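Engineer: Following this line is target-v1.txt, made up of compact mmCIF, N, CA and C atoms:
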```txt
# COMPACT_ATOMS: atom_id res chain seq x y z
N MET A 1 -136.17 -1.18 94.44
CA MET A 1 -136.91 -1.37 95.67
C MET A 1 -135.92 -1.34 96.83
N ALA A 2 -136.27 -0.61 97.88
CA ALA A 2 -135.40 -0.51 99.06
C ALA A 2 -135.40 -1.84 99.80
N GLU A 3 -134.21 -2.21 100.25
CA GLU A 3 -134.08 -3.46 101.01
C GLU A 3 -134.55 -3.25 102.44
N ARG A 4 -135.33 -4.18 102.95
CA ARG A 4 -135.88 -4.09 104.31
C ARG A 4 -134.75 -4.30 105.31
N PRO A 5 -134.59 -3.38 106.28
CA PRO A 5 -133.52 -3.55 107.28
C PRO A 5 -133.82 -4.72 108.21
N THR A 6 -132.77 -5.29 108.75
CA THR A 6 -132.90 -6.38 109.70
C THR A 6 -132.27 -5.97 111.02
N LEU A 7 -132.25 -6.88 112.00
CA LEU A 7 -131.66 -6.54 113.30
C LEU A 7 -130.16 -6.30 113.22
N VAL A 8 -129.50 -6.75 112.15
CA VAL A 8 -128.07 -6.48 112.02
C VAL A 8 -127.82 -5.17 111.28
N ASP A 9 -128.86 -4.48 110.94
CA ASP A 9 -128.72 -3.18 110.32
C ASP A 9 -129.54 -2.18 111.13
N PRO A 10 -128.99 -1.36 111.94
CA PRO A 10 -127.59 -0.98 112.04
C PRO A 10 -126.73 -2.07 112.67
N PRO A 11 -125.44 -2.05 112.32
CA PRO A 11 -124.52 -3.08 112.82
C PRO A 11 -124.44 -3.10 114.35
N ILE A 12 -124.40 -4.29 114.89
CA ILE A 12 -124.40 -4.44 116.35
C ILE A 12 -123.17 -3.78 116.99
N GLU A 13 -122.06 -3.78 116.28
CA GLU A 13 -120.85 -3.15 116.83
C GLU A 13 -121.06 -1.68 117.08
N ASN A 14 -121.76 -1.01 116.16
CA ASN A 14 -122.04 0.42 116.35
C ASN A 14 -123.02 0.65 117.49
N LEU A 15 -123.98 -0.25 117.63
CA LEU A 15 -124.94 -0.11 118.73
C LEU A 15 -124.27 -0.34 120.07
N LEU A 16 -123.39 -1.32 120.15
CA LEU A 16 -122.70 -1.60 121.41
C LEU A 16 -121.88 -0.41 121.88
N GLY A 17 -121.27 0.29 120.94
CA GLY A 17 -120.47 1.47 121.29
C GLY A 17 -121.30 2.57 121.92
N LYS A 18 -122.59 2.59 121.64
CA LYS A 18 -123.46 3.63 122.18
C LYS A 18 -123.91 3.35 123.61
N VAL A 19 -123.75 2.10 124.09
CA VAL A 19 -124.20 1.74 125.43
C VAL A 19 -123.06 1.20 126.29
N GLY A 20 -121.82 1.47 125.92
CA GLY A 20 -120.70 1.06 126.75
C GLY A 20 -120.26 -0.38 126.52
N ASP A 21 -120.44 -0.90 125.30
CA ASP A 21 -119.98 -2.23 124.91
C ASP A 21 -120.57 -3.36 125.74
N SER A 22 -121.78 -3.20 126.22
CA SER A 22 -122.44 -4.24 127.00
C SER A 22 -123.66 -4.75 126.24
N LYS A 23 -123.64 -6.03 125.88
CA LYS A 23 -124.79 -6.61 125.18
C LYS A 23 -126.03 -6.59 126.07
N PHE A 24 -125.84 -6.84 127.36
CA PHE A 24 -126.97 -6.81 128.29
C PHE A 24 -127.62 -5.43 128.30
N THR A 25 -126.79 -4.39 128.38
CA THR A 25 -127.32 -3.03 128.41
C THR A 25 -128.02 -2.69 127.10
N LEU A 26 -127.45 -3.13 125.98
CA LEU A 26 -128.08 -2.90 124.68
C LEU A 26 -129.47 -3.53 124.65
N VAL A 27 -129.58 -4.76 125.10
CA VAL A 27 -130.87 -5.44 125.12
C VAL A 27 -131.85 -4.72 126.03
N ALA A 28 -131.39 -4.36 127.23
CA ALA A 28 -132.28 -3.72 128.21
C ALA A 28 -132.77 -2.36 127.71
N VAL A 29 -131.85 -1.53 127.22
CA VAL A 29 -132.21 -0.17 126.78
C VAL A 29 -133.18 -0.23 125.60
N THR A 30 -132.88 -1.06 124.61
CA THR A 30 -133.75 -1.11 123.44
C THR A 30 -135.08 -1.79 123.75
N ALA A 31 -135.09 -2.76 124.67
CA ALA A 31 -136.35 -3.40 125.05
C ALA A 31 -137.27 -2.42 125.76
N ILE A 32 -136.70 -1.60 126.64
CA ILE A 32 -137.51 -0.59 127.35
C ILE A 32 -138.12 0.38 126.34
N ARG A 33 -137.29 0.85 125.41
CA ARG A 33 -137.80 1.80 124.40
C ARG A 33 -138.83 1.12 123.49
N ALA A 34 -138.60 -0.15 123.13
CA ALA A 34 -139.57 -0.86 122.28
C ALA A 34 -140.92 -0.96 122.98
N ARG A 35 -140.91 -1.19 124.29
CA ARG A 35 -142.18 -1.23 125.04
C ARG A 35 -142.87 0.13 124.99
N GLU A 36 -142.09 1.21 125.11
CA GLU A 36 -142.67 2.55 125.03
C GLU A 36 -143.29 2.80 123.65
N ILE A 37 -142.61 2.33 122.60
CA ILE A 37 -143.15 2.50 121.25
C ILE A 37 -144.44 1.70 121.11
N ASN A 38 -144.45 0.48 121.62
CA ASN A 38 -145.68 -0.33 121.59
C ASN A 38 -146.82 0.37 122.33
N GLU A 39 -146.52 0.92 123.51
CA GLU A 39 -147.53 1.64 124.28
C GLU A 39 -148.05 2.84 123.50
N TYR A 40 -147.15 3.52 122.79
CA TYR A 40 -147.56 4.66 121.99
C TYR A 40 -148.58 4.23 120.93
N TYR A 41 -148.24 3.18 120.17
CA TYR A 41 -149.15 2.72 119.12
C TYR A 41 -150.44 2.16 119.70
N ASN A 42 -150.38 1.46 120.81
CA ASN A 42 -151.58 0.90 121.42
C ASN A 42 -152.46 1.99 122.03
N GLY A 43 -151.87 3.12 122.40
CA GLY A 43 -152.63 4.19 123.03
C GLY A 43 -153.10 5.28 122.10
N LEU A 44 -152.83 5.13 120.80
CA LEU A 44 -153.27 6.15 119.85
C LEU A 44 -154.79 6.30 119.92
N GLY A 45 -155.22 7.52 120.00
CA GLY A 45 -156.64 7.78 120.05
C GLY A 45 -157.22 7.78 121.45
N SER A 46 -156.41 7.40 122.44
CA SER A 46 -156.94 7.36 123.80
C SER A 46 -156.60 8.63 124.59
N GLY A 47 -155.88 9.55 123.96
CA GLY A 47 -155.60 10.82 124.61
C GLY A 47 -154.41 10.83 125.53
N HIS A 48 -153.60 9.78 125.51
CA HIS A 48 -152.39 9.78 126.34
C HIS A 48 -151.31 10.59 125.64
N GLY A 49 -151.01 11.77 126.16
CA GLY A 49 -150.05 12.64 125.52
C GLY A 49 -148.63 12.47 126.03
N ALA A 50 -148.42 11.65 127.06
CA ALA A 50 -147.10 11.53 127.65
C ALA A 50 -146.20 10.57 126.88
N LEU A 51 -146.75 9.77 125.98
CA LEU A 51 -145.96 8.80 125.24
C LEU A 51 -145.29 9.45 124.05
N ILE A 52 -144.03 9.07 123.81
CA ILE A 52 -143.24 9.66 122.75
C ILE A 52 -143.29 8.75 121.52
N PRO A 53 -143.67 9.28 120.36
CA PRO A 53 -143.73 8.45 119.15
C PRO A 53 -142.33 8.07 118.69
N PRO A 54 -142.22 7.13 117.77
CA PRO A 54 -140.90 6.78 117.23
C PRO A 54 -140.21 8.01 116.66
N GLN A 55 -138.92 8.11 116.89
CA GLN A 55 -138.16 9.29 116.51
C GLN A 55 -137.40 9.12 115.21
N VAL A 56 -137.62 8.02 114.50
CA VAL A 56 -136.95 7.77 113.23
C VAL A 56 -137.98 7.38 112.19
N THR A 57 -137.64 7.61 110.93
CA THR A 57 -138.45 7.14 109.82
C THR A 57 -137.80 5.85 109.35
N SER A 58 -138.58 4.80 109.25
CA SER A 58 -138.00 3.50 108.96
C SER A 58 -138.93 2.68 108.09
N LEU A 59 -138.34 1.74 107.36
CA LEU A 59 -139.13 0.77 106.62
C LEU A 59 -139.66 -0.31 107.54
N SER A 60 -139.05 -0.45 108.69
CA SER A 60 -139.45 -1.47 109.64
C SER A 60 -140.68 -1.03 110.42
N ASN A 61 -141.52 -1.99 110.74
CA ASN A 61 -142.66 -1.68 111.58
C ASN A 61 -142.55 -2.39 112.92
N LYS A 62 -141.39 -2.95 113.22
CA LYS A 62 -141.15 -3.64 114.49
C LYS A 62 -140.60 -2.65 115.50
N SER A 63 -141.19 -2.66 116.69
CA SER A 63 -140.79 -1.68 117.70
C SER A 63 -139.34 -1.85 118.14
N LEU A 64 -138.85 -3.08 118.22
CA LEU A 64 -137.45 -3.29 118.62
C LEU A 64 -136.50 -2.75 117.56
N SER A 65 -136.82 -2.96 116.29
CA SER A 65 -135.99 -2.42 115.23
C SER A 65 -136.00 -0.89 115.26
N LEU A 66 -137.17 -0.31 115.51
CA LEU A 66 -137.26 1.15 115.62
C LEU A 66 -136.40 1.66 116.78
N ALA A 67 -136.45 0.96 117.91
CA ALA A 67 -135.65 1.37 119.07
C ALA A 67 -134.16 1.31 118.75
N MET A 68 -133.73 0.26 118.06
CA MET A 68 -132.31 0.15 117.71
C MET A 68 -131.90 1.23 116.71
N GLU A 69 -132.78 1.55 115.78
CA GLU A 69 -132.48 2.62 114.84
C GLU A 69 -132.41 3.97 115.56
N GLU A 70 -133.29 4.19 116.53
CA GLU A 70 -133.22 5.42 117.34
C GLU A 70 -131.89 5.51 118.06
N LEU A 71 -131.44 4.42 118.65
CA LEU A 71 -130.16 4.39 119.34
C LEU A 71 -129.02 4.69 118.38
N TYR A 72 -129.05 4.07 117.22
CA TYR A 72 -128.00 4.25 116.21
C TYR A 72 -127.93 5.69 115.74
N GLU A 73 -129.08 6.32 115.55
CA GLU A 73 -129.12 7.69 115.04
C GLU A 73 -128.95 8.74 116.14
N GLY A 74 -128.78 8.31 117.38
CA GLY A 74 -128.57 9.26 118.46
C GLY A 74 -129.84 9.87 119.02
N LYS A 75 -130.99 9.34 118.66
CA LYS A 75 -132.26 9.84 119.17
C LYS A 75 -132.61 9.22 120.53
N LEU A 76 -132.00 8.08 120.82
CA LEU A 76 -132.19 7.38 122.09
C LEU A 76 -130.85 7.41 122.79
N LEU A 77 -130.78 8.07 123.92
CA LEU A 77 -129.52 8.22 124.64
C LEU A 77 -129.51 7.36 125.89
N PHE A 78 -128.34 6.88 126.24
CA PHE A 78 -128.17 6.07 127.44
C PHE A 78 -127.04 6.66 128.25
N HIS A 79 -127.26 6.77 129.56
CA HIS A 79 -126.22 7.27 130.46
C HIS A 79 -126.15 6.35 131.66
N ARG A 80 -124.97 5.76 131.88
CA ARG A 80 -124.78 4.92 133.05
C ARG A 80 -124.34 5.83 134.20
N PRO A 81 -125.12 5.89 135.29
CA PRO A 81 -124.77 6.79 136.39
C PRO A 81 -123.46 6.38 137.07
N THR A 82 -122.72 7.40 137.48
CA THR A 82 -121.48 7.15 138.20
C THR A 82 -121.80 6.86 139.67
N VAL A 83 -120.79 6.41 140.41
CA VAL A 83 -120.96 6.14 141.83
C VAL A 83 -121.38 7.40 142.56
N ASP A 84 -120.78 8.55 142.20
CA ASP A 84 -121.14 9.82 142.84
C ASP A 84 -122.59 10.19 142.57
N GLU A 85 -123.06 9.98 141.33
CA GLU A 85 -124.45 10.29 141.00
C GLU A 85 -125.41 9.39 141.77
N LEU A 86 -125.07 8.12 141.90
CA LEU A 86 -125.91 7.19 142.66
C LEU A 86 -125.96 7.58 144.13
N GLU A 87 -124.81 7.99 144.69
CA GLU A 87 -124.76 8.41 146.09
C GLU A 87 -125.58 9.67 146.30
N THR A 88 -125.47 10.63 145.38
CA THR A 88 -126.26 11.85 145.47
C THR A 88 -127.75 11.53 145.42
N GLU A 89 -128.14 10.63 144.53
CA GLU A 89 -129.54 10.24 144.42
C GLU A 89 -130.02 9.56 145.71
N ARG A 90 -129.18 8.71 146.29
CA ARG A 90 -129.53 8.04 147.54
C ARG A 90 -129.72 9.05 148.67
N LEU A 91 -128.81 10.02 148.77
CA LEU A 91 -128.90 11.04 149.81
C LEU A 91 -130.16 11.90 149.63
N GLN A 92 -130.48 12.23 148.38
CA GLN A 92 -131.69 13.01 148.12
C GLN A 92 -132.94 12.23 148.50
N ALA A 93 -132.94 10.93 148.22
CA ALA A 93 -134.09 10.10 148.58
C ALA A 93 -134.23 10.01 150.09
N GLU A 94 -133.10 9.88 150.79
CA GLU A 94 -133.14 9.83 152.26
C GLU A 94 -133.65 11.15 152.83
N ALA A 95 -133.19 12.27 152.26
CA ALA A 95 -133.63 13.58 152.73
C ALA A 95 -135.13 13.76 152.49
N ALA A 96 -135.61 13.31 151.33
CA ALA A 96 -137.04 13.43 151.03
C ALA A 96 -137.85 12.56 151.98
N GLU A 97 -137.37 11.36 152.28
CA GLU A 97 -138.07 10.48 153.22
C GLU A 97 -138.09 11.08 154.62
N GLN A 98 -136.98 11.68 155.04
CA GLN A 98 -136.91 12.31 156.35
C GLN A 98 -137.87 13.50 156.42
N ALA A 99 -137.93 14.29 155.35
CA ALA A 99 -138.85 15.42 155.31
C ALA A 99 -140.30 14.94 155.38
N ARG A 100 -140.60 13.83 154.69
CA ARG A 100 -141.95 13.28 154.74
C ARG A 100 -142.29 12.82 156.15
N GLN A 101 -141.34 12.15 156.81
CA GLN A 101 -141.57 11.70 158.18
C GLN A 101 -141.74 12.87 159.14
N ASP A 102 -140.94 13.92 158.95
CA ASP A 102 -141.06 15.11 159.79
C ASP A 102 -142.42 15.77 159.59
N ALA A 103 -142.87 15.86 158.34
CA ALA A 103 -144.18 16.47 158.06
C ALA A 103 -145.29 15.65 158.70
N ASN A 104 -145.17 14.32 158.63
CA ASN A 104 -146.18 13.46 159.25
C ASN A 104 -146.20 13.61 160.76
N SER A 105 -145.02 13.71 161.38
CA SER A 105 -144.98 13.87 162.83
C SER A 105 -145.51 15.24 163.24
N ASP A 106 -145.24 16.29 162.43
CA ASP A 106 -145.80 17.61 162.71
C ASP A 106 -147.32 17.57 162.59
N LEU A 107 -147.81 16.86 161.59
CA LEU A 107 -149.25 16.74 161.41
C LEU A 107 -149.87 15.96 162.57
N ASP A 108 -149.21 14.92 163.02
CA ASP A 108 -149.70 14.14 164.17
C ASP A 108 -149.75 15.01 165.43
N ALA A 109 -148.68 15.82 165.62
CA ALA A 109 -148.64 16.70 166.79
C ALA A 109 -149.76 17.73 166.71
N PHE A 110 -150.00 18.26 165.51
CA PHE A 110 -151.05 19.26 165.33
C PHE A 110 -152.43 18.66 165.62
N THR A 111 -152.69 17.46 165.08
CA THR A 111 -154.00 16.85 165.31
C THR A 111 -154.17 16.45 166.79
N ASP A 112 -153.07 16.05 167.43
CA ASP A 112 -153.14 15.77 168.89
C ASP A 112 -153.47 17.03 169.66
N ALA A 113 -152.85 18.17 169.27
CA ALA A 113 -153.10 19.44 169.95
C ALA A 113 -154.55 19.87 169.74
N LEU A 114 -155.07 19.67 168.56
CA LEU A 114 -156.47 20.02 168.28
C LEU A 114 -157.42 19.13 169.12
N ARG A 115 -157.08 17.88 169.21
CA ARG A 115 -157.92 16.96 169.96
C ARG A 115 -157.91 17.31 171.45
N ASP A 116 -156.75 17.72 171.98
CA ASP A 116 -156.64 18.05 173.40
C ASP A 116 -157.29 19.40 173.72
N ALA A 117 -157.45 20.26 172.73
CA ALA A 117 -157.99 21.60 173.00
C ALA A 117 -159.46 21.63 173.21
```
Go ahead and express the file in the form of structure tokens.
Structural biologist:
Amino acid sequence: MAERPTLVDPPIENLLGKVGDSKFTLVAVTAIRAREINEYYNGLGSGHGALIPPQVTSLSNKSLSLAMEELYEGKLLFHRPTVDELETERLQAEAAEQARQDANSDLDAFTDALRDA
């Protein structure tokens, strides 16, 4: 009979290496994925196609264990953004906000012109 895996299988040391040796990051990443797995199972039959099913075959039926196994097997990837990536994202968000404001002011000017005509 196959032995049921526990939270220490896969070993925590191997899991920590996949998220930059941070226990906090390990907990956060696997908790987020476990919630997604729960949502997948809770939404079965409701037609939600955007949810991703578990990516590993496991004896465990616990979503957190499945998430940790996905991380261990390389099916769940984590990337910590660099300072440059964060700055680029911030600049893109500012540019998008400015474009939205410009579009709104153009729309306001257009509706004012229509009203005055």
Engineer: Would you give me, as a Markdown table, each residue of segment 73-104 of chain A having an atom within 12 Å of an atom of segment 32-43 of chain A, along with its shortest atom pair and that distance in Å to one decimal, using only C-alpha atoms and sorting by chain and residue number?
Structural biologist:
```
| residue | atom | partner | partner_atom | distance |
| --- | --- | --- | --- | --- |
| A:Lys75 | CA | A:Arg33 | CA | 11.1 |
| A:Leu76 | CA | A:Arg33 | CA | 8.2 |
| A:Leu77 | CA | A:Arg33 | CA | 10.5 |
| A:Phe78 | CA | A:Arg33 | CA | 11.0 |
```
Engineer: Among the residues of chain A, find those DSSP assigns to helix (DSSP H, G or I) from the backbone and print them as a PyMOL selection string.
Structural biologist: chain A and resi 12-18+23-42+63-72+83-116
Engineer: Quick one: pull the distance between atom N of Leu91 of chain A and atom C of Ser105 of chain A, Å, one decimal.
Structural biologist: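 Going from atom N of Leu91 of chain A over to atom C of Ser105 of chain A, I get 22.7 Å.
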Engineer: Measure the distance from atom CA of Gly74 of chain A to atom C of Val56 of chain A in Å and round it to one decimal.
Structural biologist: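 These atoms are spaced 11.5 Å apart.
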Engineer: Between atom CA of Gln92 of chain A and atom CA of Asp106 of chain A, what is the spacing in Å?
Structural biologist: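 Computed distance, atom CA of Asp106 of chain A to atom CA of Gln92 of chain A, equals 20.8 Å.
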